[in-house]
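What follows is data.cif (mmCIF, C-alpha atoms).
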data_data
#
loop_
_atom_site.label_atom_id
_atom_site.label_comp_id
_atom_site.auth_asym_id
_atom_site.auth_seq_id
_atom_site.Cartn_x
_atom_site.Cartn_y
_atom_site.Cartn_z
CA MET A 1 114.62 60.41 -173.41
CA SER A 2 111.71 60.05 -170.96
CA GLU A 3 112.13 59.56 -167.22
CA PRO A 4 111.16 56.18 -165.73
CA PRO A 5 107.65 56.14 -164.21
CA ILE A 6 107.54 56.79 -160.49
CA THR A 7 106.38 54.04 -158.17
CA ASP A 8 103.48 54.09 -155.72
CA GLN A 9 105.99 54.43 -152.90
CA GLN A 10 107.63 57.47 -154.48
CA LEU A 11 104.23 59.00 -155.03
CA ASP A 12 103.29 58.45 -151.40
CA GLN A 13 106.59 60.04 -150.30
CA LEU A 14 105.96 62.98 -152.55
CA TYR A 15 102.44 63.32 -151.17
CA GLU A 16 103.81 63.33 -147.63
CA GLN A 17 106.00 66.27 -148.55
CA LEU A 18 103.02 68.43 -149.48
CA ASP A 19 102.28 71.34 -147.16
CA ARG A 20 100.48 70.29 -144.00
CA ASP A 21 97.94 73.05 -144.22
CA LEU A 22 95.91 73.77 -141.11
CA PRO A 23 92.82 75.88 -140.53
CA PRO A 24 93.47 79.45 -139.39
CA PRO A 25 93.64 79.86 -135.58
CA ASP A 26 90.64 82.21 -135.46
CA LEU A 27 88.52 79.53 -137.12
CA ASP A 28 89.76 77.03 -134.54
CA ALA A 29 88.76 79.35 -131.74
CA GLU A 30 85.36 80.02 -133.23
CA ILE A 31 84.53 76.34 -133.64
CA LYS A 32 85.75 75.47 -130.14
CA ALA A 33 83.73 78.31 -128.65
CA HIS A 34 80.66 77.09 -130.47
CA ALA A 35 81.22 73.58 -129.15
CA ARG A 36 81.02 74.91 -125.58
CA GLN A 37 77.54 76.26 -126.03
CA PRO A 38 74.89 74.12 -124.42
CA VAL A 39 72.66 72.00 -126.53
CA ALA A 40 69.41 73.74 -127.23
CA PRO A 41 66.79 72.05 -125.09
CA VAL A 42 64.47 69.91 -127.06
CA ILE A 43 60.99 71.22 -126.54
CA PRO A 44 58.74 68.23 -126.02
CA LEU A 45 55.64 68.17 -128.09
CA ARG A 46 52.68 69.23 -126.02
CA LYS A 47 50.41 66.32 -125.46
CA THR A 48 46.90 67.17 -126.33
CA SER A 49 43.94 65.30 -125.03
CA PRO A 50 41.81 63.45 -127.59
CA LEU A 51 38.88 65.76 -126.82
CA ARG A 52 41.01 68.80 -127.55
CA ARG A 53 42.39 67.21 -130.70
CA TRP A 54 38.91 66.50 -132.03
CA ALA A 55 37.40 69.79 -130.91
CA ILE A 56 37.97 71.69 -134.15
CA PRO A 57 36.91 68.91 -136.57
CA LEU A 58 33.83 68.14 -134.48
CA SER A 59 32.77 71.74 -134.19
CA THR A 60 33.30 72.23 -137.91
CA ALA A 61 31.17 69.17 -138.68
CA ALA A 62 28.45 70.36 -136.28
CA VAL A 63 28.34 73.79 -137.90
CA MET A 64 28.11 72.20 -141.34
CA VAL A 65 25.27 69.87 -140.28
CA LEU A 66 23.34 72.72 -138.71
CA GLY A 67 23.91 74.95 -141.70
CA LEU A 68 22.80 72.29 -144.17
CA SER A 69 19.70 71.38 -142.20
CA LEU A 70 18.76 75.05 -141.93
CA PHE A 71 19.34 75.50 -145.64
CA PHE A 72 17.14 72.53 -146.56
CA ARG A 73 14.42 73.65 -144.20
CA VAL A 74 14.38 77.09 -145.74
CA TYR A 75 14.51 75.50 -149.18
CA GLU A 76 11.47 73.36 -148.36
CA GLN A 77 9.51 76.38 -147.16
CA GLN A 78 10.34 78.51 -150.16
CA PRO A 79 7.91 76.88 -152.65
CA ALA A 80 4.97 77.57 -150.30
CA GLN A 81 5.92 81.23 -150.14
CA THR A 82 6.53 81.63 -153.83
CA SER A 83 3.31 79.81 -154.80
CA VAL A 84 1.27 82.84 -153.73
CA PRO A 85 0.40 84.38 -157.07
CA ALA A 86 1.25 87.93 -157.76
CA PRO A 87 -1.81 90.13 -158.17
CA THR A 88 -2.84 90.03 -161.81
CA LEU A 89 -3.62 93.18 -163.62
CA PRO A 90 -7.32 93.41 -164.44
CA ALA A 91 -8.20 93.15 -168.10
CA THR A 92 -10.75 95.91 -167.98
CA GLN A 93 -11.35 98.85 -165.77
CA GLU A 94 -14.77 97.55 -164.90
CA ALA A 95 -13.41 94.42 -163.31
CA GLN A 96 -10.79 96.28 -161.30
CA PRO A 97 -13.00 97.54 -158.45
CA MET A 98 -14.55 94.12 -158.06
CA GLN A 99 -11.20 92.43 -157.73
CA HIS A 100 -9.96 95.01 -155.25
CA GLU A 101 -13.11 94.54 -153.28
CA ALA A 102 -12.67 90.76 -153.32
CA ALA A 103 -9.07 91.04 -152.22
CA GLY A 104 -10.01 93.45 -149.43
CA VAL A 105 -12.72 91.11 -148.20
CA ALA A 106 -10.29 88.19 -148.26
CA THR A 107 -7.69 90.12 -146.31
CA ARG A 108 -10.22 91.24 -143.71
CA GLU A 109 -11.45 87.69 -143.33
CA ALA A 110 -7.93 86.41 -142.92
CA ARG A 111 -7.16 89.00 -140.26
CA LYS A 112 -10.32 88.15 -138.35
CA THR A 113 -9.55 84.45 -138.46
CA ALA A 114 -5.97 85.03 -137.43
CA LYS A 115 -7.08 87.13 -134.43
CA LYS A 116 -9.53 84.44 -133.41
CA MET A 117 -6.88 81.76 -133.70
CA LEU A 118 -4.37 83.71 -131.68
CA ALA A 119 -6.94 84.34 -128.97
CA GLN A 120 -7.65 80.60 -128.67
CA PRO A 121 -5.29 78.43 -126.55
CA ALA A 122 -2.76 76.47 -128.57
CA PRO A 123 -3.48 72.78 -129.06
CA ALA A 124 -1.39 70.40 -126.97
CA ARG A 125 0.02 68.41 -129.87
CA PRO A 126 -0.06 69.17 -133.52
CA SER A 127 -1.72 66.53 -135.62
CA PRO A 128 0.65 64.41 -137.65
CA ARG A 129 -0.99 65.58 -140.85
CA ARG A 130 0.22 69.12 -140.38
CA ALA A 131 2.59 70.37 -142.99
CA THR A 132 6.27 70.77 -142.31
CA GLU A 133 5.99 74.53 -142.36
CA GLN A 134 3.62 74.40 -139.44
CA GLU A 135 6.02 72.20 -137.53
CA ALA A 136 8.83 74.57 -138.25
CA ALA A 137 6.85 77.59 -137.12
CA GLY A 138 5.74 75.97 -133.87
CA PRO A 139 2.43 74.55 -132.75
CA ALA A 140 1.03 77.85 -131.46
CA GLN A 141 1.33 79.68 -134.74
CA ALA A 142 0.25 76.83 -136.99
CA PRO A 143 -3.50 77.68 -137.14
CA VAL A 144 -2.68 81.29 -137.86
CA LEU A 145 -0.48 80.27 -140.71
CA GLN A 146 -3.17 77.97 -141.99
CA ALA A 147 -5.72 80.77 -141.99
CA LEU A 148 -3.34 83.16 -143.67
CA SER A 149 -2.45 80.65 -146.33
CA ARG A 150 -6.16 79.98 -146.95
CA ALA A 151 -6.77 83.69 -147.34
CA ALA A 152 -3.84 84.00 -149.64
CA GLU A 153 -5.07 81.23 -151.89
CA PRO A 154 -6.16 82.65 -155.25
CA ARG A 155 -9.87 82.95 -155.65
CA PRO A 156 -11.37 81.93 -158.96
CA GLU A 157 -11.64 84.99 -161.08
CA ILE A 158 -14.96 85.77 -162.74
CA PRO A 159 -14.37 86.07 -166.46
CA GLU A 160 -15.08 89.39 -167.95
CA ALA A 161 -17.70 87.89 -170.30
CA GLU A 162 -19.62 86.57 -167.28
CA GLN A 163 -19.43 89.93 -165.63
CA LEU A 164 -20.85 91.59 -168.74
CA ILE A 165 -23.62 88.98 -168.91
CA ARG A 166 -24.54 89.67 -165.30
CA ARG A 167 -24.60 93.37 -166.03
CA MET A 168 -26.82 92.81 -169.04
CA GLU A 169 -29.15 90.67 -166.91
CA SER A 170 -29.44 93.41 -164.37
CA LEU A 171 -30.20 95.89 -167.16
CA LEU A 172 -32.87 93.52 -168.44
CA GLN A 173 -34.32 93.21 -164.99
CA GLN A 174 -34.47 96.99 -164.70
CA GLN A 175 -36.00 97.15 -168.18
CA GLN A 176 -33.28 99.53 -169.40
CA LEU A 177 -33.55 98.07 -172.82
CA GLU A 178 -31.64 100.74 -174.67
CA SER A 179 -28.64 100.34 -172.41
CA LEU A 180 -29.05 96.59 -172.68
CA GLU A 181 -29.01 96.78 -176.43
CA LYS A 182 -25.86 98.85 -176.35
CA ALA A 183 -24.23 96.56 -173.85
CA TYR A 184 -25.15 93.56 -175.94
CA THR A 185 -23.64 95.15 -179.05
CA ASP A 186 -20.38 95.81 -177.17
CA PHE A 187 -20.46 92.31 -175.72
CA ARG A 188 -20.79 90.68 -179.12
CA LYS A 189 -17.98 92.79 -180.50
CA LYS A 190 -15.72 91.34 -177.84
CA TYR A 191 -17.16 87.86 -177.55
CA PRO A 192 -18.90 86.94 -180.81
CA HIS A 193 -19.53 83.28 -179.83
CA TYR A 194 -19.88 83.43 -176.06
CA PRO A 195 -23.18 81.76 -175.01
CA LEU A 196 -25.75 83.96 -173.33
CA SER A 197 -27.72 83.09 -170.24
CA PRO A 198 -31.20 81.60 -170.86
CA ARG A 199 -32.97 84.84 -169.89
CA LEU A 200 -30.82 86.91 -172.21
CA GLN A 201 -31.25 84.32 -174.98
CA GLU A 202 -35.00 84.67 -174.58
CA TRP A 203 -34.73 88.46 -174.67
CA TYR A 204 -32.51 88.28 -177.74
CA LYS A 205 -34.91 85.97 -179.53
CA ARG A 206 -37.72 88.35 -178.81
CA GLN A 207 -35.85 91.42 -179.91
CA HIS A 208 -33.96 90.03 -182.86
CA GLN A 209 -36.38 87.52 -184.22
CA PRO A 210 -35.68 87.28 -187.88
CA VAL A 211 -38.49 88.09 -190.33
CA GLN A 212 -40.31 84.90 -191.32
CA HIS A 213 -39.96 84.19 -194.98
CA PRO A 214 -41.92 81.46 -196.63
CA ALA A 215 -39.74 78.51 -197.37
CA PRO A 216 -39.15 77.96 -201.04
CA ALA A 217 -41.15 75.08 -202.47
CA ARG A 218 -39.21 71.99 -203.35
CA PRO A 219 -39.15 71.25 -207.00
CA SER A 220 -41.13 68.11 -207.72
CA GLU A 221 -39.45 65.43 -209.54
CA MET B 1 90.99 57.82 -118.20
CA SER B 2 92.82 60.81 -119.66
CA LEU B 3 91.68 62.35 -122.92
CA THR B 4 94.85 61.35 -124.76
CA GLU B 5 94.22 57.70 -124.03
CA MET B 6 90.66 57.78 -125.30
CA ASP B 7 89.82 56.81 -128.85
CA ASP B 8 87.61 58.94 -131.08
CA VAL B 9 84.36 57.23 -130.13
CA GLU B 10 85.07 57.58 -126.42
CA LEU B 11 85.92 61.23 -126.90
CA MET B 12 82.72 61.83 -128.80
CA LEU B 13 80.67 60.06 -126.12
CA ALA B 14 82.44 62.12 -123.48
CA TYR B 15 81.61 65.28 -125.37
CA GLN B 16 78.05 64.06 -125.71
CA SER B 17 77.85 63.76 -121.93
CA GLY B 18 79.02 67.34 -121.47
CA ARG B 19 82.85 67.24 -121.36
CA HIS B 20 83.79 70.10 -123.66
CA GLU B 21 87.50 69.38 -123.45
CA ALA B 22 86.79 66.04 -125.16
CA PHE B 23 85.67 67.97 -128.20
CA ASP B 24 88.90 69.97 -128.18
CA ALA B 25 90.93 66.75 -128.24
CA LEU B 26 88.78 65.34 -131.03
CA TYR B 27 89.09 68.54 -132.99
CA GLU B 28 92.88 68.63 -132.67
CA ARG B 29 93.10 65.08 -133.97
CA HIS B 30 91.00 65.62 -137.07
CA LYS B 31 91.21 69.27 -137.97
CA GLY B 32 94.28 68.98 -140.27
CA GLY B 33 93.03 66.01 -142.29
CA LEU B 34 89.56 67.44 -142.70
CA TYR B 35 90.87 70.85 -143.64
CA ARG B 36 93.19 69.44 -146.28
CA TYR B 37 90.43 67.16 -147.54
CA PHE B 38 88.61 70.29 -148.59
CA LEU B 39 91.60 72.40 -149.53
CA ARG B 40 93.11 69.81 -151.88
CA GLN B 41 89.92 69.51 -153.80
CA GLY B 42 91.24 72.57 -155.58
CA MET B 43 88.72 75.01 -154.17
CA PRO B 44 89.63 78.51 -152.95
CA ARG B 45 90.78 78.73 -149.35
CA ASP B 46 87.71 80.71 -148.33
CA SER B 47 85.44 77.97 -149.58
CA ALA B 48 87.53 75.35 -147.81
CA ASN B 49 87.27 77.35 -144.57
CA GLU B 50 83.51 77.62 -144.96
CA LEU B 51 82.98 73.93 -145.64
CA PHE B 52 85.34 72.96 -142.83
CA GLN B 53 83.41 75.12 -140.37
CA ASP B 54 80.07 73.81 -141.61
CA VAL B 55 81.08 70.22 -140.96
CA TRP B 56 82.15 70.91 -137.37
CA MET B 57 79.04 72.95 -136.70
CA LYS B 58 76.88 70.13 -137.92
CA LEU B 59 78.74 67.69 -135.73
CA ILE B 60 78.30 69.98 -132.72
CA HIS B 61 74.59 70.43 -133.28
CA ALA B 62 73.96 66.74 -133.90
CA ARG B 63 76.13 65.46 -131.06
CA GLN B 64 73.15 64.02 -129.20
CA HIS B 65 72.34 61.81 -132.20
CA TYR B 66 75.79 60.25 -132.50
CA GLN B 67 75.79 56.51 -131.89
CA ALA B 68 78.89 54.59 -130.89
CA GLY B 69 78.33 51.81 -133.44
CA THR B 70 80.10 53.52 -136.33
CA SER B 71 83.66 54.74 -136.66
CA PHE B 72 84.02 58.40 -135.80
CA SER B 73 86.16 59.07 -138.88
CA SER B 74 83.51 57.53 -141.13
CA TYR B 75 80.87 59.64 -139.38
CA LEU B 76 82.87 62.86 -139.69
CA TYR B 77 83.85 62.34 -143.32
CA SER B 78 80.34 61.29 -144.27
CA ILE B 79 79.22 64.75 -143.19
CA ALA B 80 82.16 66.26 -145.05
CA HIS B 81 81.51 64.29 -148.22
CA ASN B 82 77.83 65.21 -148.27
CA ARG B 83 78.73 68.83 -147.76
CA LEU B 84 81.25 68.63 -150.58
CA VAL B 85 78.75 67.04 -152.96
CA ASP B 86 76.34 69.80 -152.07
CA TYR B 87 79.05 72.38 -152.77
CA TYR B 88 79.83 70.89 -156.18
CA ARG B 89 76.17 70.78 -157.04
CA ARG B 90 75.97 74.51 -156.53
CA GLN B 91 79.21 75.27 -158.32
CA GLN B 92 80.28 74.77 -161.92
CA PRO B 93 82.83 71.96 -161.69
CA GLN B 94 86.45 72.94 -162.13
CA THR B 95 85.63 76.56 -162.74
CA GLU B 96 87.19 78.04 -159.65
CA LEU B 97 90.50 76.40 -159.16
CA ASP B 98 92.62 77.83 -156.43
CA PRO B 99 94.83 80.50 -158.10
CA GLU B 100 97.87 79.16 -156.23
CA LEU B 101 97.34 75.80 -157.96
CA ALA B 102 96.46 77.22 -161.34
CA ASP B 103 99.91 78.77 -161.65
CA GLY B 104 101.53 75.34 -161.76
CA ASP B 105 100.72 74.70 -165.40
CA GLY B 106 103.68 76.57 -166.84
CA LEU B 107 106.31 75.03 -164.63
CA SER B 108 109.42 73.70 -166.28
CA PRO B 109 111.02 70.42 -165.10
CA GLU B 110 114.44 71.92 -165.76
CA SER B 111 113.92 74.51 -163.03
CA SER B 112 116.37 74.63 -160.15
CA LEU B 113 113.41 74.30 -157.83
CA GLN B 114 112.47 70.99 -159.39
CA GLN B 115 111.33 69.38 -156.14
CA GLN B 116 109.11 72.30 -155.25
CA GLN B 117 107.68 72.37 -158.70
CA GLN B 118 106.93 68.68 -158.61
CA LEU B 119 105.01 69.12 -155.38
CA GLN B 120 103.04 71.93 -156.93
CA ARG B 121 102.38 69.80 -159.97
CA LEU B 122 101.15 66.98 -157.71
CA GLN B 123 98.86 69.33 -155.87
CA HIS B 124 97.58 70.70 -159.14
CA SER B 125 97.10 67.22 -160.60
CA ILE B 126 95.11 66.11 -157.59
CA ALA B 127 92.83 69.10 -158.01
CA ARG B 128 92.39 68.19 -161.69
CA LEU B 129 91.38 64.59 -161.03
CA PRO B 130 87.77 63.59 -161.62
CA GLU B 131 85.69 64.34 -158.57
CA GLU B 132 85.07 60.71 -157.48
CA GLN B 133 88.74 59.74 -157.88
CA ARG B 134 89.92 62.82 -156.02
CA SER B 135 87.54 62.25 -153.13
CA ALA B 136 88.55 58.61 -152.81
CA LEU B 137 92.23 59.53 -152.88
CA LEU B 138 91.91 62.28 -150.28
CA LEU B 139 89.76 60.14 -148.01
CA GLN B 140 92.54 57.58 -148.09
CA LYS B 141 95.47 59.99 -147.78
CA GLU B 142 94.06 62.63 -145.43
CA ALA B 143 91.47 60.78 -143.39
CA GLY B 144 93.26 57.45 -143.42
CA LEU B 145 90.08 55.58 -144.23
CA SER B 146 90.10 51.98 -145.43
CA LEU B 147 88.53 50.88 -148.71
CA GLU B 148 85.40 49.76 -146.85
CA GLN B 149 85.13 53.05 -144.99
CA ILE B 150 85.58 55.05 -148.17
CA ALA B 151 82.89 52.92 -149.77
CA THR B 152 80.58 53.68 -146.85
CA VAL B 153 81.27 57.40 -146.94
CA THR B 154 80.91 57.81 -150.70
CA GLY B 155 78.08 55.31 -151.12
CA ALA B 156 80.01 53.26 -153.67
CA SER B 157 81.04 49.62 -153.65
CA ARG B 158 84.45 48.52 -152.40
CA GLU B 159 85.52 47.50 -155.91
CA THR B 160 84.49 50.84 -157.34
CA VAL B 161 86.53 52.64 -154.71
CA LYS B 162 89.49 50.41 -155.44
CA SER B 163 89.17 51.16 -159.14
CA ARG B 164 88.89 54.89 -158.55
CA LEU B 165 92.01 54.87 -156.41
CA ARG B 166 93.95 52.92 -159.02
CA TYR B 167 92.94 55.33 -161.77
CA ALA B 168 93.84 58.30 -159.60
CA MET B 169 97.28 56.96 -158.75
CA ASN B 170 98.02 56.05 -162.36
CA ARG B 171 97.01 59.51 -163.49
CA LEU B 172 99.25 61.20 -160.92
CA LYS B 173 102.21 58.96 -161.75
CA GLN B 174 101.70 59.70 -165.43
CA VAL B 175 101.73 63.44 -164.83
CA LEU B 176 104.73 63.40 -162.52
CA SER B 177 106.94 61.07 -164.60
#
Just give me the structure as structure tokens.
Amino acid sequence: MSEPPITDQQLDQLYEQLDRDLPPPDLDAEIKAHARQPVAPVIPLRKTSPLRRWAIPLSTAAVMVLGLSLFFRVYEQQPAQTSVPAPTLPATQEAQPMQHEAAGVATREARKTAKKMLAQPAPARPSPRRATEQEAAGPAQAPVLQALSRAAEPRPEIPEAEQLIRRMESLLQQQQLESLEKAYTDFRKKYPHYPLSPRLQEWYKRQHQPVQHPAPARPSE
Amino acid sequence: MSLTEMDDVELMLAYQSGRHEAFDALYERHKGGLYRYFLRQGMPRDSANELFQDVWMKLIHARQHYQAGTSFSSYLYSIAHNRLVDYYRRQQPQTELDPELADGDGLSPESSLQQQQQLQRLQHSIARLPEEQRSALLLQKEAGLSLEQIATVTGASRETVKSRLRYAMNRLKQVLS
């Protein structure tokens, strides 16, 4: 036989009879002692002036602008520097001394011009047509740069065939016909179809005139 | 005005203004209910001690932020409830029942210590209630909160709280009958 269900009131009474547990005294003491400690002072946020607040972003932006402008300026100047052609290797040993001589002359000329330009007083204002590299280098050094760049410009190379033709002409002038003949043979080995100068053509016609054969008679119809 | 005549809010405001003895009075009023609120959840006594201390420490540190608009009990038990929810989140539910309570399972109603056993069974049954029902019951029994206050503390509606309490009471009556 089951017991009758207990009522809410009986349950409340039963609940009231439960142990009235309390925290241990040492915990009480610890909490009360903690409550007596002063409140940690709230540190106010330091007010910074707007100038100070913007100092780092502004300086960063300034550095970036300067860096970029410097980069682009250098980038613009680079093509002018790289456009100077590297010295080409001569095709033949005969042409080599001439090219060296030409380069030496060009360098000497450039140095002379540069010295003259440096000795002259700098112009008051650079002309607006000056290139950006001159502006970047400053008005005083602009003429020097111009002279140097002119000297550095590649001179038109004399083709080897022309050089040989000139040599043959000089041999013809000196009437060294045997050497001329030999030079001509070498020349034609290298350049079978290269046109000769008028004087050499005349000499060639004289020397190598083909034997005249009578033209064969046309058969009459 | 003496401290004994002051209500909870006045004591808290007095403590806020630097009267440390006001805190002692407040603590003496609420320490038992708050301690049992944790202990009767069925957790080990050490855990109850830790949570109890945490709640008071938080109250002490945040005393400057207390506003007189809300009931002090609601304020205190809101901290306690949040701390309890946090505790349960970290623990596996119902895995560490207080050993003192766990012994109650094998009790016989025919024992000569029937009354004592029934109390132990009640305590054990409370600890075995679903978490929401148990919290609502203990907030009512130990903190003396109204349905509205329990709803505020637990973040549930008044009707939900009422329902939870009814289920909890029915469950306990069923076990004890």
Long-range neighbours of Arg45 (chain B) as a VMD selection string, 10 Å cut-off, all atoms listed in the file, 2 positions minimum in chain: (chain A and resid 23) or (chain B and resid 35 38 to 40 42 to 43 47 to 51 98 to 100)
Check: which chain B residues lie within 8 Å of chain A using all atoms listed in the file, as a list in words: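 Those within range of chain A come out as His20, Phe23, Asp24, Lys31, Gly32, Tyr35, Arg36, Asn49, Gln53, Trp56, Met57, Ile60, His61, Leu119, Leu122, Gln123, Met169, Lys173, Gln174, Leu176 and Ser177 of chain B.
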Long-range neighbours of Gln149 (chain B) as a list in words, 12 Å cut-off, only C-alpha atoms, 3 positions minimum in chain: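 The neighbour list is Thr70, Ser71, Phe72, Ser73, Ser74, Tyr75, Leu76, Tyr77, Ser78, Ala136, Leu139, Gln140, Ala143, Gly144, Leu145, Ser146, Thr152, Val153, Thr154, Gly155, Ala156, Ser157, Arg158, Val161 and Lys162 of chain B.
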Residue IDs satisfying the PyMOL selection byres ((chain A and resi 200) around 10), as JSON, numbers by chain: {"A": [165, 166, 168, 169, 172, 180, 184, 195, 196, 197, 198, 199, 201, 202, 203, 204, 205, 206]}
Gap from CA of Ile79 (chain B) to CA of Glu131 (chain B) - Å, one decimal: 16.7 Å
Between CA of Ile126 (chain B) and CA of Val175 (chain B), distance in Å (one decimal): 10.2 Å
Point-to-point distance in Å for CA of Ala127 (chain B) and CA of Gln41 (chain B): 5.1 Å
Leu164 (chain A): which residues within 12 Å, counting all atoms listed in the file, same-chain residues fewer than 6 positions away excluded, as an mmCIF file with C-alpha atoms, in the coordinates of the input?
data_model
loop_
_atom_site.group_PDB
_atom_site.id
_atom_site.type_symbol
_atom_site.label_atom_id
_atom_site.label_comp_id
_atom_site.auth_asym_id
_atom_site.auth_seq_id
_atom_site.Cartn_x
_atom_site.Cartn_y
_atom_site.Cartn_z
ATOM 1 C CA THR A 92 -10.750 95.910 -167.980
ATOM 2 C CA GLU A 94 -14.770 97.550 -164.900
ATOM 3 C CA ALA A 95 -13.410 94.420 -163.310
ATOM 4 C CA ILE A 158 -14.960 85.770 -162.740
ATOM 5 C CA SER A 170 -29.440 93.410 -164.370
ATOM 6 C CA LEU A 171 -30.200 95.890 -167.160
ATOM 7 C CA LEU A 180 -29.050 96.590 -172.680
ATOM 8 C CA LYS A 182 -25.860 98.850 -176.350
ATOM 9 C CA ALA A 183 -24.230 96.560 -173.850
ATOM 10 C CA TYR A 184 -25.150 93.560 -175.940
ATOM 11 C CA THR A 185 -23.640 95.150 -179.050
ATOM 12 C CA ASP A 186 -20.380 95.810 -177.170
ATOM 13 C CA PHE A 187 -20.460 92.310 -175.720
ATOM 14 C CA ARG A 188 -20.790 90.680 -179.120
ATOM 15 C CA LYS A 190 -15.720 91.340 -177.840
ATOM 16 C CA TYR A 191 -17.160 87.860 -177.550
ATOM 17 C CA TYR A 194 -19.880 83.430 -176.060
ATOM 18 C CA PRO A 195 -23.180 81.760 -175.010
ATOM 19 C CA LEU A 196 -25.750 83.960 -173.330
ATOM 20 C CA SER A 197 -27.720 83.090 -170.240
ATOM 21 C CA LEU A 200 -30.820 86.910 -172.210
#
Chain and number of each residue from the PyMOL selection byres ((chain B and resi 13) around 10), as a list in words: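 Written out, the selection comes to Asp8, Val9, Glu10, Leu11, Met12, Ala14, Tyr15, Gln16, Ser17, Gly18, Arg19, Ala22, Phe23, Arg63, Gln64, Tyr66, Gln67 and Ala68 of chain B.
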With N, CA and C atoms as the goal, would you fill in the gaps in region 10-28 of chain B and present it as a PDB file, in the coordinates of the input?
ATOM      1  N   GLU B  10      85.157  57.250-127.855  1.00  0.00           N
ATOM      2  CA  GLU B  10      85.070  57.580-126.420  1.00  0.00           C
ATOM      3  C   GLU B  10      85.074  59.086-126.211  1.00  0.00           C
ATOM      4  N   LEU B  11      85.894  59.767-127.011  1.00  0.00           N
ATOM      5  CA  LEU B  11      85.920  61.230-126.900  1.00  0.00           C
ATOM      6  C   LEU B  11      84.560  61.835-127.289  1.00  0.00           C
ATOM      7  N   MET B  12      84.010  61.295-128.336  1.00  0.00           N
ATOM      8  CA  MET B  12      82.720  61.830-128.800  1.00  0.00           C
ATOM      9  C   MET B  12      81.635  61.562-127.754  1.00  0.00           C
ATOM     10  N   LEU B  13      81.659  60.386-127.161  1.00  0.00           N
ATOM     11  CA  LEU B  13      80.670  60.060-126.120  1.00  0.00           C
ATOM     12  C   LEU B  13      80.861  60.947-124.893  1.00  0.00           C
ATOM     13  N   ALA B  14      82.156  61.227-124.607  1.00  0.00           N
ATOM     14  CA  ALA B  14      82.440  62.120-123.480  1.00  0.00           C
ATOM     15  C   ALA B  14      81.923  63.523-123.770  1.00  0.00           C
ATOM     16  N   TYR B  15      82.119  63.944-124.991  1.00  0.00           N
ATOM     17  CA  TYR B  15      81.610  65.280-125.370  1.00  0.00           C
ATOM     18  C   TYR B  15      80.079  65.295-125.308  1.00  0.00           C
ATOM     19  N   GLN B  16      79.514  64.182-125.733  1.00  0.00           N
ATOM     20  CA  GLN B  16      78.050  64.060-125.710  1.00  0.00           C
ATOM     21  C   GLN B  16      77.523  64.217-124.278  1.00  0.00           C
ATOM     22  N   SER B  17      78.303  63.686-123.327  1.00  0.00           N
ATOM     23  CA  SER B  17      77.850  63.760-121.930  1.00  0.00           C
ATOM     24  C   SER B  17      78.207  65.077-121.264  1.00  0.00           C
ATOM     25  N   GLY B  18      78.817  65.989-122.019  1.00  0.00           N
ATOM     26  CA  GLY B  18      79.020  67.340-121.470  1.00  0.00           C
ATOM     27  C   GLY B  18      80.461  67.727-121.226  1.00  0.00           C
ATOM     28  N   ARG B  19      81.425  66.872-121.572  1.00  0.00           N
ATOM     29  CA  ARG B  19      82.850  67.240-121.360  1.00  0.00           C
ATOM     30  C   ARG B  19      83.349  67.984-122.594  1.00  0.00           C
ATOM     31  N   HIS B  20      83.416  69.284-122.495  1.00  0.00           N
ATOM     32  CA  HIS B  20      83.790  70.100-123.660  1.00  0.00           C
ATOM     33  C   HIS B  20      85.239  69.886-124.077  1.00  0.00           C
ATOM     34  N   GLU B  21      86.088  69.581-123.111  1.00  0.00           N
ATOM     35  CA  GLU B  21      87.500  69.380-123.450  1.00  0.00           C
ATOM     36  C   GLU B  21      87.692  68.146-124.340  1.00  0.00           C
ATOM     37  N   ALA B  22      86.736  67.205-124.282  1.00  0.00           N
ATOM     38  CA  ALA B  22      86.790  66.040-125.160  1.00  0.00           C
ATOM     39  C   ALA B  22      86.645  66.462-126.623  1.00  0.00           C
ATOM     40  N   PHE B  23      85.823  67.471-126.832  1.00  0.00           N
ATOM     41  CA  PHE B  23      85.670  67.970-128.200  1.00  0.00           C
ATOM     42  C   PHE B  23      86.978  68.587-128.686  1.00  0.00           C
ATOM     43  N   ASP B  24      87.645  69.338-127.782  1.00  0.00           N
ATOM     44  CA  ASP B  24      88.900  69.970-128.180  1.00  0.00           C
ATOM     45  C   ASP B  24      89.921  68.917-128.632  1.00  0.00           C
ATOM     46  N   ALA B  25      89.985  67.810-127.886  1.00  0.00           N
ATOM     47  CA  ALA B  25      90.930  66.750-128.240  1.00  0.00           C
ATOM     48  C   ALA B  25      90.572  66.122-129.584  1.00  0.00           C
ATOM     49  N   LEU B  26      89.267  65.921-129.772  1.00  0.00           N
ATOM     50  CA  LEU B  26      88.780  65.340-131.030  1.00  0.00           C
ATOM     51  C   LEU B  26      89.076  66.279-132.201  1.00  0.00           C
ATOM     52  N   TYR B  27      88.881  67.538-131.953  1.00  0.00           N
ATOM     53  CA  TYR B  27      89.090  68.540-132.990  1.00  0.00           C
ATOM     54  C   TYR B  27      90.559  68.595-133.401  1.00  0.00           C
ATOM     55  N   GLU B  28      91.440  68.571-132.388  1.00  0.00           N
ATOM     56  CA  GLU B  28      92.880  68.630-132.670  1.00  0.00           C
ATOM     57  C   GLU B  28      93.342  67.418-133.483  1.00  0.00           C
TER      58      GLU B  28
END
